[in-house]
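Beneath this line is the structure, given in structure tokens, with notes to follow.
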Amino acid sequence: TITTAPTVHSSFRSSFTFLSSGCSAPLPCQDCAKMLGAIRNMNGGRESRSQRRKRRKHHRRHWHSLPPTIMVWCVLLILSTLLFNQYPEYKKVLHLHWKAALKQGQYHRLLTNFLCFGGKFDMGCMMQLFFLAQSGARVEQGRSMRFILMLIIGAAGLLYVDYYKMLLAARQPWLSHRLIYAIVCLESWDNPFQLTTLPPLPLPPFPAWLLPPLLSLQSCLMFGNDWRTLVAPLVVSIGIHLAITILALLFPCLDHYYVGAMQFGGDWGTGTGTGTGTLGGGDGKR
């Protein structure tokens with residue numbers, strides 16, 4: 001039988017002894033190191049206090065590096081998910097319903113459908129938050145006024161397409177998925193010839209303007225999303241880019257960076273975002 005000693009002296013680092021019935025056998029150095037490591041970490045394999053502090057500091061540093069608009073949007077998406085888990089009846093009040101919005105004066109639905117995922121919070125929603133925090137943060141990149149104008153134009157375009165059922169798009173109660181996909185496309189239009197990749201697909205680096213169609217193809221083939229849900233945000237993102245380009249020529253202040261933008265760029269780097277996800281598809285159910 002093996003008994004545990006209450007403490008281990010530092011001189012025992014080179015060897016450790018099994019306490020058995022009248023005999024003892026030293027462990028090899030490698031096994032000794034494993035045993036000593038297990039003794040030092042007596043909390044059942046959980047991370048130590050210093051490791052928790054380092055992890056929290058790392059997360060806080062990246063969280064505080066997010067631009068303000070992206071940070072508020074991510075917080076609202078998370079809070080709405082928690083709200084729907086506890087009170088699902090609020091979905092009936094916040095989802096997009098054109099008859100209630102136009103005839104009953106519930107205009108808040110035109111905004112709240114972009115602030116909620118609506119459906120079950122699954123891996124697709126987690127990947128969309130990741131894309132929003134990566135690609136969306138780089139699109140804003142110190143130009144919050146310009147980014148807010150992008151969101152207004154994109155939301156108005158998606159609402160127009162949804163109301164008139166244009167671009168093969170059926171009416172959906174939640175449009176946040178499509179707006180996030182349009183933001184990801186915007187980053188590709190801002191840097192069209194910069195090389196990027198699309199893991200986990202074994203593709204060589206390709207120009208960023210190919211990322212939206214490849215991401216749509218990946219979303220359809222690997223995640224089974226309907227390709228018709230990806231057409232509208234793709235076309236709307238092109239309209240947003242053209243509108244912002246024209247407005248930036250008329251109002252150069254839209255391209256001005258606020259103080260601290262370069263610090264944000266250094267934290268997140270430059271270039272287009274990569275990854276996998278179910279962007280644009282999987283719109284939430286009522």
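The chains in the structure tokens are called A, B, ... from first to last as shown; in each chain the residues are counted from 1, and the ligands are counted from 1 in the order shown.
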
DSSP on the backbone, then: every residue of stretch 125-255 of chain A marked strand (DSSP E or B), written as a list in words. Leu195, Thr196, Phe206 and Pro207 of chain A

Selection to disk with C-alpha atoms, as a PDB file, in the first residue's frame:
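Wrote it out as selection.pdb, contents follow:
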ATOM      1  CA  LEU A 195      -2.773  37.304 -48.708  1.00  0.00           C
ATOM      2  CA  THR A 196      -4.777  35.275 -46.229  1.00  0.00           C
ATOM      3  CA  PHE A 206      -4.802  33.583 -51.551  1.00  0.00           C
ATOM      4  CA  PRO A 207      -5.930  37.207 -52.045  1.00  0.00           C
TER       5      PRO A 207
END

Could you please determine the separation between atom CA of A:Pro67 and atom CA of A:Ser144 in Å, to one decimal place? 7.6 Å

Hey, what does DSSP flag as alpha helix (DSSP H) within stretch 135-258 of chain A? Can you give it to me as JSON, numbers by chain? {"A": [137, 138, 139, 140, 144, 145, 146, 147, 148, 149, 150, 151, 152, 153, 154, 155, 156, 157, 158, 159, 160, 161, 162, 163, 164, 176, 177, 178, 179, 180, 181, 182, 183, 184, 185, 186, 187, 188, 189, 190, 211, 212, 213, 214, 215, 216, 217, 218, 219, 220, 221, 222, 223, 228, 229, 230, 231, 232, 233, 234, 235, 236, 237, 238, 239, 240, 241, 242, 243, 244, 245, 246, 247, 248, 249, 250]}

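The list of residues with at least one atom within 7 Å of stretch 150-165 of chain A, based on only C-alpha atoms and without residues fewer than 5 positions apart in the same chain, reads A:Ala170, A:Arg171, A:Leu179, A:Val236, A:Ser237, A:Ile240.
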